[in-house]
file final31.txt (compact mmCIF, C-alpha atoms)
# COMPACT_ATOMS: atom_id res chain seq x y z
CA MET A 1 147.53 174.27 8.09
CA LEU A 2 144.06 175.34 6.94
CA PRO A 3 142.59 171.81 6.89
CA LYS A 4 143.93 171.17 10.39
CA LEU A 5 142.59 174.46 11.66
CA ARG A 6 139.22 173.72 10.08
CA ARG A 7 139.20 170.29 11.71
CA PHE A 8 139.89 171.80 15.10
CA ALA A 9 137.18 174.41 14.52
CA LEU A 10 134.77 171.62 13.65
CA THR A 11 135.46 169.92 16.95
CA LEU A 12 134.43 173.12 18.69
CA THR A 13 131.45 174.17 16.59
CA ARG A 14 130.34 170.71 15.43
CA ASN A 15 128.82 172.08 12.27
CA ALA A 16 130.56 173.09 9.07
CA ALA A 17 128.98 176.50 8.56
CA ASP A 18 130.01 177.76 11.98
CA ALA A 19 133.43 176.17 11.59
CA ASP A 20 134.06 177.99 8.32
CA ASP A 21 132.98 181.32 9.79
CA LEU A 22 135.22 180.68 12.75
CA VAL A 23 138.20 179.73 10.60
CA GLN A 24 137.84 182.85 8.53
CA GLU A 25 137.66 185.03 11.59
CA VAL A 26 140.67 183.32 13.16
CA CYS A 27 142.76 183.70 10.02
CA GLU A 28 141.92 187.36 9.74
CA ARG A 29 142.76 187.91 13.36
CA ALA A 30 145.96 185.87 13.23
CA ILE A 31 147.18 187.85 10.26
CA SER A 32 146.23 191.26 11.59
CA ARG A 33 147.62 190.49 15.05
CA ASN A 34 150.68 188.54 14.01
CA HIS A 35 152.84 190.98 15.98
CA LEU A 36 151.30 189.56 19.16
CA TRP A 37 152.79 186.15 18.56
CA ASN A 38 156.06 185.97 20.47
CA GLY A 39 157.54 183.30 18.23
CA GLU A 40 157.85 180.83 21.07
CA GLY A 41 156.13 177.46 21.09
CA ARG A 42 154.01 176.11 18.32
CA LEU A 43 152.24 178.54 16.02
CA GLU A 44 149.31 176.12 16.01
CA SER A 45 148.91 176.49 19.75
CA TRP A 46 148.62 180.25 19.46
CA ILE A 47 146.11 179.98 16.62
CA TYR A 48 144.13 177.20 18.28
CA ALA A 49 143.88 179.18 21.51
CA MET A 50 142.63 182.13 19.50
CA THR A 51 140.12 179.83 17.81
CA ARG A 52 138.82 178.56 21.12
CA ASN A 53 138.56 182.09 22.53
CA LEU A 54 136.68 183.39 19.51
CA TRP A 55 134.28 180.48 19.66
CA VAL A 56 133.61 181.01 23.36
CA ASP A 57 132.94 184.68 22.63
CA GLU A 58 130.58 183.69 19.86
CA ILE A 59 128.68 181.35 22.15
CA ARG A 60 128.41 184.09 24.73
CA LYS A 61 127.05 186.53 22.12
CA ARG A 62 124.50 183.98 20.98
CA LYS A 63 123.32 183.40 24.50
CA VAL A 64 122.90 187.12 25.06
CA ARG A 65 121.07 187.50 21.74
CA ALA A 66 118.83 184.60 22.72
CA GLY A 67 117.86 186.50 25.86
CA ALA A 68 119.73 184.34 28.29
CA GLY A 69 121.46 187.37 29.77
CA THR A 70 125.13 187.98 30.18
CA VAL A 71 127.20 184.86 30.46
CA ASP A 72 130.81 184.68 31.46
CA ALA A 73 131.85 182.08 28.97
CA HIS A 74 135.22 181.59 30.57
CA ASP A 75 133.45 180.37 33.68
CA GLN A 76 131.42 177.86 31.77
CA ASN A 77 132.40 174.25 32.12
CA GLU A 78 130.50 173.27 29.01
CA LEU A 79 129.37 175.16 25.98
CA SER A 80 125.88 174.57 24.84
CA ILE A 81 125.53 174.26 21.08
CA GLU A 82 123.61 171.13 20.31
CA ALA A 83 125.12 168.89 17.69
CA SER A 84 121.84 167.55 16.47
CA GLY A 85 121.61 165.59 13.27
CA GLU A 86 119.81 168.46 11.55
CA LYS A 87 122.60 170.89 12.24
CA LEU A 88 125.38 168.73 10.96
CA VAL A 89 125.83 169.18 7.28
CA TYR A 90 128.42 166.53 6.64
CA ALA A 91 127.18 163.74 4.50
CA ASN A 92 129.70 161.39 5.94
CA GLN A 93 127.98 159.37 8.64
CA LEU A 94 131.20 158.76 10.47
CA HIS A 95 131.88 162.46 10.74
CA LYS A 96 128.42 162.95 12.12
CA LEU A 97 129.02 160.29 14.66
CA ILE A 98 132.35 161.76 15.72
CA LEU A 99 131.00 165.28 15.95
CA SER A 100 128.02 164.13 17.95
CA MET A 101 130.28 163.31 20.88
CA PRO A 102 129.51 165.40 23.96
CA GLU A 103 130.93 168.90 23.98
CA GLY A 104 134.64 169.21 24.55
CA LEU A 105 135.64 165.61 23.92
CA ALA A 106 136.58 165.83 20.26
CA SER A 107 138.73 168.94 20.64
CA VAL A 108 140.78 167.40 23.45
CA PHE A 109 141.18 164.18 21.49
CA VAL A 110 142.36 165.99 18.36
CA LEU A 111 144.81 168.16 20.24
CA VAL A 112 146.42 165.41 22.28
CA ASN A 113 145.98 162.21 20.35
CA VAL A 114 145.89 163.33 16.76
CA GLU A 115 148.17 166.35 16.82
CA GLY A 116 150.49 165.42 19.65
CA HIS A 117 150.02 168.32 22.04
CA SER A 118 150.91 167.60 25.65
CA TYR A 119 148.24 167.66 28.33
CA LYS A 120 149.61 170.99 29.49
CA GLU A 121 149.48 172.51 26.00
CA ALA A 122 145.96 171.23 25.44
CA ALA A 123 144.87 172.64 28.80
CA GLU A 124 146.34 176.03 27.91
CA ILE A 125 144.72 176.09 24.49
CA LEU A 126 141.30 175.12 25.81
CA LYS A 127 141.67 177.02 29.09
CA ILE A 128 140.64 174.03 31.16
CA PRO A 129 142.44 172.26 34.00
CA ILE A 130 144.78 169.39 33.14
CA GLY A 131 142.52 167.07 35.13
CA THR A 132 139.69 167.95 32.78
CA VAL A 133 141.91 167.21 29.79
CA MET A 134 142.64 163.79 31.26
CA SER A 135 139.05 162.91 32.01
CA ARG A 136 137.76 164.18 28.66
CA LEU A 137 140.44 162.27 26.83
CA SER A 138 139.63 158.97 28.48
CA THR A 139 135.91 159.56 27.93
CA ALA A 140 136.55 160.39 24.27
CA ARG A 141 138.54 157.19 23.83
CA MET A 142 135.82 155.09 25.41
CA ARG A 143 133.16 156.77 23.26
CA LEU A 144 135.22 156.20 20.15
CA ALA A 145 135.72 152.57 21.08
CA ALA A 146 131.95 152.21 21.44
CA MET A 147 131.54 153.73 17.97
CA ILE A 148 133.52 150.89 16.44
CA THR A 149 130.76 148.49 17.42
CA GLU A 150 128.10 150.99 16.38
CA THR A 151 129.54 151.55 12.92
CA SER A 152 130.06 147.81 12.44
CA GLU A 153 126.41 147.17 13.27
CA ARG A 154 125.29 149.89 10.88
CA ARG A 155 127.32 148.38 8.07
CA ALA A 156 125.82 144.97 8.83
CA MET B 1 154.01 163.93 34.44
CA GLN B 2 150.61 163.74 36.06
CA ASN B 3 149.70 162.20 39.36
CA THR B 4 146.73 160.04 38.50
CA LYS B 5 146.40 158.14 41.76
CA GLY B 6 142.85 158.20 43.01
CA LEU B 7 141.41 158.83 39.56
CA ALA B 8 139.20 156.39 37.67
CA LEU B 9 141.11 153.51 36.12
CA GLU B 10 140.23 154.50 32.55
CA VAL B 11 141.61 157.98 33.18
CA ARG B 12 144.82 156.51 34.60
CA LEU B 13 145.22 154.08 31.72
CA SER B 14 144.48 156.85 29.25
CA ALA B 15 147.30 158.93 30.74
CA TYR B 16 149.48 155.81 30.66
CA ILE B 17 148.88 155.49 26.90
CA ASP B 18 150.03 159.08 26.47
CA GLY B 19 153.14 158.58 28.59
CA GLU B 20 151.92 161.25 30.99
CA VAL B 21 152.40 159.21 34.17
CA SER B 22 155.52 158.88 36.29
CA ASP B 23 157.75 155.80 36.12
CA VAL B 24 156.38 154.58 39.43
CA GLU B 25 152.78 154.83 38.22
CA ARG B 26 153.68 153.35 34.87
CA ARG B 27 155.11 150.25 36.54
CA GLU B 28 152.10 150.03 38.81
CA LEU B 29 149.67 150.23 35.89
CA GLU B 30 151.64 147.73 33.83
CA HIS B 31 151.53 145.29 36.71
CA LEU B 32 147.80 145.84 37.03
CA VAL B 33 147.18 145.27 33.32
CA ASN B 34 149.25 142.08 33.39
CA SER B 35 147.41 140.68 36.36
CA ASP B 36 143.86 141.92 35.90
CA ASP B 37 141.75 140.92 32.89
CA GLU B 38 139.34 143.78 33.38
CA ALA B 39 142.13 146.34 33.40
CA ARG B 40 143.65 144.75 30.31
CA LEU B 41 140.32 144.87 28.51
CA LEU B 42 139.91 148.51 29.48
CA LEU B 43 143.34 149.34 28.10
CA GLU B 44 142.53 147.53 24.85
CA MET B 45 139.30 149.48 24.54
CA LEU B 46 141.11 152.77 25.07
CA LYS B 47 143.69 151.84 22.46
CA ALA B 48 140.99 150.77 20.02
CA GLY B 49 139.22 154.08 20.55
CA ASN B 50 142.54 155.79 19.90
CA ASN B 51 143.09 154.06 16.61
CA PHE B 52 139.53 154.54 15.47
CA GLY B 53 139.59 158.23 16.39
CA ASN B 54 142.94 158.79 14.71
CA SER B 55 141.80 157.40 11.40
CA ALA B 56 138.42 159.14 11.61
CA PHE B 57 139.96 162.52 12.29
CA GLU B 58 142.56 161.95 9.60
CA GLU B 59 139.63 161.68 7.20
CA PHE B 60 138.55 165.17 8.17
CA LEU B 61 141.69 166.51 6.49
CA HIS B 62 140.44 165.11 3.20
CA ASP B 63 137.20 167.03 3.35
CA PRO B 64 136.94 169.67 0.65
CA VAL B 65 137.71 173.10 2.04
CA PRO B 66 135.19 175.49 0.48
CA LEU B 67 136.84 177.50 -2.23
CA SER B 68 135.05 180.62 -1.05
CA LEU B 69 136.67 180.25 2.36
CA VAL B 70 140.17 179.97 0.89
CA ARG B 71 139.67 182.95 -1.34
CA GLN B 72 138.20 184.96 1.49
CA ILE B 73 141.25 184.31 3.65
CA LYS B 74 143.58 185.12 0.80
CA GLN B 75 141.84 188.43 0.30
CA GLY B 76 142.50 189.37 3.88
CA PRO B 77 140.77 191.10 6.76
CA GLY B 78 138.04 193.56 6.01
CA ALA B 79 138.04 192.84 2.28
CA VAL B 80 134.52 191.46 2.46
CA GLN B 81 132.10 191.45 5.33
CA ARG B 82 131.61 188.16 7.07
CA ASN B 83 127.99 187.90 5.99
CA ASP B 84 128.70 188.92 2.42
CA ARG B 85 130.95 186.14 1.23
CA ILE B 86 131.30 187.03 -2.42
CA ALA B 87 134.84 186.47 -3.62
CA PRO B 88 135.34 188.02 -7.05
CA ALA B 89 138.47 187.27 -9.02
CA GLN B 90 140.62 190.37 -8.92
CA PRO B 91 144.15 191.21 -9.92
CA ARG B 92 146.28 190.49 -6.86
CA ASN B 93 148.15 193.80 -7.00
CA ASN B 94 145.23 195.42 -5.19
CA ARG B 95 145.46 192.82 -2.49
CA LEU B 96 149.19 193.11 -2.10
CA LYS B 97 148.70 196.56 -0.66
CA LEU B 98 146.80 194.97 2.19
CA TRP B 99 149.82 192.89 3.20
CA PRO B 100 152.76 195.09 3.85
CA ARG B 101 154.33 192.95 6.49
CA ALA B 102 156.36 189.93 5.64
CA LEU B 103 155.12 188.00 8.63
CA ALA B 104 151.52 188.62 7.70
CA ALA B 105 152.25 187.35 4.21
CA SER B 106 153.97 184.27 5.52
CA LEU B 107 151.02 183.61 7.79
CA VAL B 108 148.68 183.73 4.83
CA LEU B 109 150.88 181.25 3.00
CA LEU B 110 151.09 179.03 6.02
CA LEU B 111 147.38 179.09 6.65
CA VAL B 112 146.17 178.79 3.09
CA GLY B 113 148.80 177.20 0.94
CA GLY B 114 151.34 174.49 0.87
CA SER B 115 149.63 172.13 3.25
CA THR B 116 149.83 168.43 2.58
CA GLY B 117 146.39 167.02 2.09
CA PHE B 118 144.91 170.38 1.32
CA ILE B 119 142.02 169.80 -0.97
CA ILE B 120 139.91 172.46 -2.51
CA GLY B 121 136.25 171.71 -3.01
CA LYS B 122 134.97 171.60 -6.51
CA ALA B 123 134.02 175.07 -7.59
CA SER B 124 130.96 173.72 -9.29
CA ASN B 125 129.61 172.91 -5.84
CA ASP B 126 130.51 176.31 -4.50
CA PRO B 127 127.73 178.88 -4.63
CA LEU B 128 130.31 181.64 -4.61
CA LEU B 129 131.96 180.71 -7.88
CA PRO B 130 133.68 183.78 -9.31
CA ALA B 131 131.96 185.11 -12.38
CA ALA B 132 135.24 185.16 -14.31
CA ALA B 133 135.39 181.39 -14.04
CA VAL B 134 132.18 181.08 -15.98
CA ALA B 135 132.93 183.56 -18.74
CA ALA B 136 136.50 182.53 -19.49
CA PRO B 137 137.79 182.01 -23.03
CA THR B 138 137.53 178.50 -24.38
CA TRP B 139 141.25 177.91 -24.80
CA LEU B 140 141.65 178.20 -21.04
CA ASP B 141 139.18 175.36 -20.53
CA ASP B 142 141.27 173.18 -22.83
CA ILE B 143 144.43 174.18 -20.99
CA ALA B 144 142.84 173.26 -17.66
CA ASP B 145 141.96 169.82 -19.02
CA TYR B 146 145.48 169.30 -20.31
CA HIS B 147 146.93 170.36 -16.99
CA ARG B 148 144.86 167.90 -15.02
CA ILE B 149 146.07 165.07 -17.21
CA TYR B 150 149.71 165.97 -17.74
CA ALA B 151 150.41 167.19 -14.20
CA ARG B 152 149.88 163.60 -13.03
CA GLN B 153 152.29 162.08 -15.53
CA ASP B 154 155.29 161.84 -13.24
CA LYS B 155 157.34 159.78 -15.69
CA HIS B 156 156.12 161.48 -18.84
CA LEU B 157 155.51 165.00 -17.72
CA VAL B 158 156.94 166.62 -20.83
CA GLU B 159 157.61 165.89 -24.50
CA VAL B 160 160.99 167.58 -24.57
CA PRO B 161 163.03 167.76 -21.35
CA ALA B 162 164.51 170.91 -19.87
CA THR B 163 168.02 169.81 -20.86
CA GLU B 164 167.09 170.74 -24.43
CA GLU B 165 166.07 174.29 -23.66
CA ASN B 166 167.47 175.78 -26.85
CA ALA B 167 165.62 173.21 -28.94
CA ILE B 168 162.42 173.91 -27.00
CA ARG B 169 162.71 177.64 -27.67
CA SER B 170 163.14 177.32 -31.40
CA TRP B 171 160.61 174.47 -31.76
CA LEU B 172 157.79 176.17 -29.88
CA ALA B 173 158.49 179.68 -31.20
CA GLU B 174 158.19 178.33 -34.72
CA SER B 175 155.16 176.14 -33.99
CA VAL B 176 153.19 178.69 -32.01
CA GLY B 177 154.42 181.85 -33.68
CA VAL B 178 155.43 183.55 -30.45
CA GLY B 179 159.02 184.32 -29.51
CA PHE B 180 159.83 183.73 -25.85
CA GLN B 181 162.42 183.09 -23.17
CA VAL B 182 162.09 180.20 -20.73
CA PRO B 183 161.53 181.97 -17.38
CA ASP B 184 163.95 180.99 -14.61
CA LEU B 185 161.67 180.48 -11.59
CA GLU B 186 164.18 178.85 -9.26
CA THR B 187 163.82 181.75 -6.84
CA GLU B 188 160.12 180.90 -6.70
CA GLY B 189 160.97 177.30 -5.83
CA LEU B 190 160.06 176.01 -9.30
CA THR B 191 162.37 174.03 -11.56
CA PHE B 192 161.85 173.94 -15.30
CA GLN B 193 161.02 170.40 -16.42
CA GLY B 194 160.51 170.80 -20.14
CA ALA B 195 157.76 171.51 -22.63
CA ARG B 196 154.87 170.21 -24.66
CA LEU B 197 153.06 171.39 -27.76
CA LEU B 198 149.30 171.38 -27.26
CA VAL B 199 146.26 172.30 -29.29
CA ALA B 200 143.63 174.48 -27.64
CA ALA B 201 140.64 176.07 -29.37
CA GLY B 202 142.11 174.79 -32.64
CA LYS B 203 145.40 176.64 -32.21
CA PRO B 204 148.90 175.46 -31.31
CA VAL B 205 149.81 176.25 -27.71
CA ALA B 206 153.19 176.06 -26.00
CA GLN B 207 153.23 174.55 -22.53
CA LEU B 208 156.24 175.02 -20.24
CA MET B 209 156.17 172.77 -17.18
CA TYR B 210 157.69 173.50 -13.78
CA LYS B 211 157.84 171.43 -10.62
CA SER B 212 158.20 172.55 -7.02
CA GLY B 213 160.21 170.76 -4.33
CA GLU B 214 156.94 169.27 -3.09
CA GLY B 215 156.14 167.90 -6.52
CA GLU B 216 153.49 170.46 -7.36
CA ILE B 217 153.22 171.20 -11.08
CA VAL B 218 152.83 174.69 -12.47
CA ALA B 219 152.47 175.31 -16.20
CA ILE B 220 152.92 178.36 -18.38
CA CYS B 221 150.97 178.20 -21.63
CA PHE B 222 150.79 180.67 -24.47
CA LEU B 223 149.49 181.03 -28.00
CA LYS B 224 149.29 183.69 -30.66
CA SER B 225 146.40 186.10 -30.09
CA LYS B 226 143.85 187.06 -32.67
CA PRO B 227 145.02 189.96 -34.85
CA GLY B 228 144.19 193.30 -33.28
CA SER B 229 144.06 191.99 -29.71
CA SER B 230 145.15 194.55 -27.18
CA ASP B 231 147.25 193.97 -24.10
CA SER B 232 145.39 193.15 -20.90
CA ALA B 233 146.22 192.93 -17.21
CA PRO B 234 146.39 189.52 -15.50
CA VAL B 235 143.01 188.10 -14.59
CA GLU B 236 142.49 185.21 -12.21
CA SER B 237 139.90 182.55 -12.82
CA ILE B 238 139.15 179.21 -11.22
CA ARG B 239 138.50 175.85 -12.86
CA ASP B 240 137.48 173.51 -10.05
CA ASP B 241 140.79 172.68 -8.37
CA LEU B 242 142.90 174.86 -10.65
CA ALA B 243 143.65 178.56 -10.61
CA MET B 244 144.57 180.29 -13.86
CA ILE B 245 146.12 183.72 -14.24
CA SER B 246 145.82 184.87 -17.84
CA TRP B 247 146.84 188.01 -19.69
CA GLN B 248 147.61 189.28 -23.19
CA LYS B 249 150.76 191.01 -24.25
CA ALA B 250 152.31 191.92 -27.60
CA GLY B 251 150.08 189.74 -29.72
CA ALA B 252 150.18 186.65 -27.50
CA SER B 253 147.90 185.22 -24.82
CA TYR B 254 149.49 183.73 -21.72
CA VAL B 255 148.25 181.76 -18.77
CA VAL B 256 149.89 180.41 -15.62
CA VAL B 257 148.15 177.32 -14.26
CA GLY B 258 148.49 175.83 -10.81
CA SER B 259 146.56 174.49 -7.89
CA SER B 260 143.94 176.92 -6.65
CA ALA B 261 145.41 176.31 -3.19
CA LYS B 262 148.65 177.96 -4.30
CA ALA B 263 148.52 181.28 -2.53
CA ASN B 264 151.20 183.11 -4.52
CA LEU B 265 150.13 182.26 -8.06
CA GLN B 266 149.34 185.88 -8.91
CA LYS B 267 152.80 186.97 -7.86
CA LEU B 268 154.26 184.14 -9.88
CA ALA B 269 152.29 185.19 -12.95
CA GLU B 270 153.54 188.73 -12.61
CA ARG B 271 157.09 187.44 -12.55
CA VAL B 272 156.47 185.22 -15.57
CA ALA B 273 154.98 188.15 -17.48
CA GLY B 274 158.17 190.10 -16.87
CA LEU B 275 160.51 187.29 -17.94
CA ILE B 276 158.87 185.43 -20.78
CA GLY B 277 158.44 188.04 -23.48

call {"tool": "encode", "arguments": {"input": "final31.txt", "output": "structure tokens"}}
result
Amino acid sequence: MLPKLRRFALTLTRNAADADDLVQEVCERAISRNHLWNGEGRLESWIYAMTRNLWVDEIRKRKVRAGAGTVDAHDQNELSIEASGEKLVYANQLHKLILSMPEGLASVFVLVNVEGHSYKEAAEILKIPIGTVMSRLSTARMRLAAMITETSERRA
Amino acid sequence: MQNTKGLALEVRLSAYIDGEVSDVERRELEHLVNSDDEARLLLEMLKAGNNFGNSAFEEFLHDPVPLSLVRQIKQGPGAVQRNDRIAPAQPRNNRLKLWPRALAASLVLLLVGGSTGFIIGKASNDPLLPAAAVAAPTWLDDIADYHRIYARQDKHLVEVPATEENAIRSWLAESVGVGFQVPDLETEGLTFQGARLLVAAGKPVAQLMYKSGEGEIVAICFLKSKPGSSDSAPVESIRDDLAMISWQKAGASYVVVGSSAKANLQKLAERVAGLIG
């Protein structure tokens, strides 16, 4: 499960260093708080929701540290870590391209399309409305379709 | 099912791809796609994006997971501060005390080990390489090389098959100079496959091979120690993608070799130490 968890973390953080820190923190928390899991539903959903929550908390802390004042991250529609080329450490150009998608698209795509979560499950994990899941998913698919042409041109 | 009426066409078609629309909407969208070239093109684009994204994100699973991260998780909460990611090789018995609950242990296994496609990054690229991995005895390096080669030989994994266990015992005891029993590790999910005779650091070494239900190979190797060698507790070291738990007992040196992603190798080595000699 670790590679899948790390992939999901990458879709949130969009850089490997933050993703690894996040994964470690999630694993520690999942293990120490295993008694909180009620055994219903998919274990991944519980862990992914925890991952998302920890990342939102981290973003909020960073904003406060940066002097932006208190931010209620749960009220935010979008998080604000830039996925600039400098920050991405993956050598693989395709990964860079994927992770450079606007915030929130990759995580929805992975949850629904790659890992088979329903819209409702994805909405619960990411704490966003189902309508947002739908719109992000279609946007992600269109962006990914555009990347096919982009990567073909780069190869040429 | 979602009501997508009134939403943008790409959103509706996207939900259609996922089967998240009602039968009525599905029929409506299918009719639209069949009669409208633009809608059909849009659907094809969404599907193409799907396929491209699926294969791209599948590739993410093949990325090396930093060894330091795996070890950190295996060590458990609070073992090392988040900003101090040094992961020294330690006997696991200290760690076991951190995991009294079965569910916690199973979570560690689920998170860290046993995943298909789980690939550990090369330790040589990992700045947090445990010191023990650098200062290990030479025979262990040879054993690691052997393991990498023989563990892939599905059809020729061993020289002498497990069906000839008695012959293996007498052959290797005589060749290596160490009496032993073949450990039964079925309770650990490992089936004895047979044995090989190797040479490491110029000495004969016995290699007992086991295979898990998932096809993972674990080896137990041993040789006669230098005269005067004292017993030692199991020590874990890492050779790139392999973890090795080695110890000395009663004039022999032993090592259990497996994937460094295998979370319970230390426990396995402890069991082997109790059964083999």

call {"tool": "atom_distance", "arguments": {"input": "final31.txt", "atom1": "atom CA of A:Glu121", "atom2": "atom CA of B:Gln2"}}
result
13.4 Å

call {"tool": "interface_residues", "arguments": {"input": "final31.txt", "of": "chain A", "to": "chain B", "cutoff": "9 Å", "atoms": "all atoms listed in the file", "output": "VMD selection string"}}
result
chain A and resid 1 to 7 20 to 21 23 to 25 27 to 35 94 to 95 98 109 to 110 112 to 114 118 to 119 130 to 131 134 to 148

call {"tool": "atom_distance", "arguments": {"input": "final31.txt", "atom1": "atom CA of B:Trp171", "atom2": "atom CA of B:Gln248"}}
result
21.5 Å

call {"tool": "closest_residue", "arguments": {"input": "final31.txt", "among": "B:Leu190, B:Ala219, B:Leu208, B:Leu185", "to": "B:Arg169", "atoms": "only C-alpha atoms"}}
result
B:Leu208

call {"tool": "atom_distance", "arguments": {"input": "final31.txt", "atom1": "atom CA of B:Thr191", "atom2": "atom CA of B:Tyr210"}}
result
5.2 Å

call {"tool": "residues_around", "arguments": {"input": "final31.txt", "residues": "B:Val182", "least_positions_apart": "5", "cutoff": "10 Å", "atoms": "only C-alpha atoms", "output": "list in words"}}
result
Ala162, Glu165, Asn166, Ile168, Arg169, Phe192, Gly194, Ala195, Leu208, Ile220, Val272, Leu275, Ile276 and Gly277 of chain B

call {"tool": "residues_near_point", "arguments": {"input": "final31.txt", "point": "(147.9, 185.2, -32.9)", "cutoff": "9 Å", "atoms": "all atoms listed in the file", "output": "ChimeraX atom specification"}}
result
/B:176-178,203,223-229,251-253

call {"tool": "write_last_selection", "arguments": {"input": "final31.txt", "atoms": "C-alpha atoms", "output": "PDB file, keeping the file's coordinate frame"}}
result
ATOM      1  CA  VAL B 176     153.190 178.690 -32.010  1.00  0.00           C
ATOM      2  CA  GLY B 177     154.420 181.850 -33.680  1.00  0.00           C
ATOM      3  CA  VAL B 178     155.430 183.550 -30.450  1.00  0.00           C
ATOM      4  CA  LYS B 203     145.400 176.640 -32.210  1.00  0.00           C
ATOM      5  CA  LEU B 223     149.490 181.030 -28.000  1.00  0.00           C
ATOM      6  CA  LYS B 224     149.290 183.690 -30.660  1.00  0.00           C
ATOM      7  CA  SER B 225     146.400 186.100 -30.090  1.00  0.00           C
ATOM      8  CA  LYS B 226     143.850 187.060 -32.670  1.00  0.00           C
ATOM      9  CA  PRO B 227     145.020 189.960 -34.850  1.00  0.00           C
ATOM     10  CA  GLY B 228     144.190 193.300 -33.280  1.00  0.00           C
ATOM     11  CA  SER B 229     144.060 191.990 -29.710  1.00  0.00           C
ATOM     12  CA  GLY B 251     150.080 189.740 -29.720  1.00  0.00           C
ATOM     13  CA  ALA B 252     150.180 186.650 -27.500  1.00  0.00           C
ATOM     14  CA  SER B 253     147.900 185.220 -24.820  1.00  0.00           C
TER      15      SER B 253
END

call {"tool": "closest_residue", "arguments": {"input": "final31.txt", "among": "A:Arg65, A:Arg42, A:Lys96, A:Arg60", "to": "A:Leu10", "atoms": "all atoms listed in the file"}}
result
A:Lys96

call {"tool": "residues_around", "arguments": {"input": "final31.txt", "residues": "B:Gln193", "least_positions_apart": "5", "cutoff": "9 Å", "atoms": "only C-alpha atoms", "output": "compact mmCIF listing (two decimals) with C-alpha atoms, in the coordinates of the input"}}
result
# COMPACT_ATOMS: atom_id res chain seq x y z
CA LEU B 157 155.51 165.00 -17.72
CA VAL B 158 156.94 166.62 -20.83
CA VAL B 160 160.99 167.58 -24.57
CA PRO B 161 163.03 167.76 -21.35
CA ALA B 162 164.51 170.91 -19.87
CA THR B 163 168.02 169.81 -20.86
CA LEU B 208 156.24 175.02 -20.24
CA MET B 209 156.17 172.77 -17.18
CA TYR B 210 157.69 173.50 -13.78
CA LYS B 211 157.84 171.43 -10.62

call {"tool": "closest_residue", "arguments": {"input": "final31.txt", "among": "B:Val24, B:Leu172, B:Ala233, B:Leu140", "to": "B:Gln207", "atoms": "all atoms listed in the file"}}
result
B:Leu172

call {"tool": "build_atoms", "arguments": {"input": "final31.txt", "residues": "stretch 207-219 of chain B", "atoms": "N, CA and C atoms", "output": "PDB file, in the coordinates of the input"}}
result
ATOM      1  N   GLN B 207     153.420 174.806 -23.966  1.00  0.00           N
ATOM      2  CA  GLN B 207     153.230 174.550 -22.530  1.00  0.00           C
ATOM      3  C   GLN B 207     154.598 174.301 -21.891  1.00  0.00           C
ATOM      4  N   LEU B 208     154.987 175.173 -20.990  1.00  0.00           N
ATOM      5  CA  LEU B 208     156.240 175.020 -20.240  1.00  0.00           C
ATOM      6  C   LEU B 208     155.889 174.501 -18.855  1.00  0.00           C
ATOM      7  N   MET B 209     156.528 173.415 -18.449  1.00  0.00           N
ATOM      8  CA  MET B 209     156.170 172.770 -17.180  1.00  0.00           C
ATOM      9  C   MET B 209     157.242 172.990 -16.118  1.00  0.00           C
ATOM     10  N   TYR B 210     156.791 173.291 -14.912  1.00  0.00           N
ATOM     11  CA  TYR B 210     157.690 173.500 -13.780  1.00  0.00           C
ATOM     12  C   TYR B 210     157.217 172.616 -12.612  1.00  0.00           C
ATOM     13  N   LYS B 211     158.175 172.255 -11.787  1.00  0.00           N
ATOM     14  CA  LYS B 211     157.840 171.430 -10.620  1.00  0.00           C
ATOM     15  C   LYS B 211     158.459 172.034  -9.365  1.00  0.00           C
ATOM     16  N   SER B 212     157.676 172.048  -8.292  1.00  0.00           N
ATOM     17  CA  SER B 212     158.200 172.550  -7.020  1.00  0.00           C
ATOM     18  C   SER B 212     158.881 171.426  -6.249  1.00  0.00           C
ATOM     19  N   GLY B 213     159.546 171.756  -5.170  1.00  0.00           N
ATOM     20  CA  GLY B 213     160.210 170.760  -4.330  1.00  0.00           C
ATOM     21  C   GLY B 213     159.235 169.756  -3.764  1.00  0.00           C
ATOM     22  N   GLU B 214     157.970 170.176  -3.624  1.00  0.00           N
ATOM     23  CA  GLU B 214     156.940 169.270  -3.090  1.00  0.00           C
ATOM     24  C   GLU B 214     156.258 168.465  -4.182  1.00  0.00           C
ATOM     25  N   GLY B 215     156.717 168.662  -5.423  1.00  0.00           N
ATOM     26  CA  GLY B 215     156.140 167.900  -6.520  1.00  0.00           C
ATOM     27  C   GLY B 215     154.946 168.558  -7.184  1.00  0.00           C
ATOM     28  N   GLU B 216     154.638 169.759  -6.765  1.00  0.00           N
ATOM     29  CA  GLU B 216     153.490 170.460  -7.360  1.00  0.00           C
ATOM     30  C   GLU B 216     153.879 170.963  -8.760  1.00  0.00           C
ATOM     31  N   ILE B 217     152.945 170.803  -9.704  1.00  0.00           N
ATOM     32  CA  ILE B 217     153.220 171.200 -11.080  1.00  0.00           C
ATOM     33  C   ILE B 217     152.559 172.531 -11.391  1.00  0.00           C
ATOM     34  N   VAL B 218     153.344 173.405 -11.985  1.00  0.00           N
ATOM     35  CA  VAL B 218     152.830 174.690 -12.470  1.00  0.00           C
ATOM     36  C   VAL B 218     153.180 174.779 -13.946  1.00  0.00           C
ATOM     37  N   ALA B 219     152.221 175.220 -14.754  1.00  0.00           N
ATOM     38  CA  ALA B 219     152.470 175.310 -16.200  1.00  0.00           C
ATOM     39  C   ALA B 219     152.292 176.750 -16.681  1.00  0.00           C
TER      40      ALA B 219
END
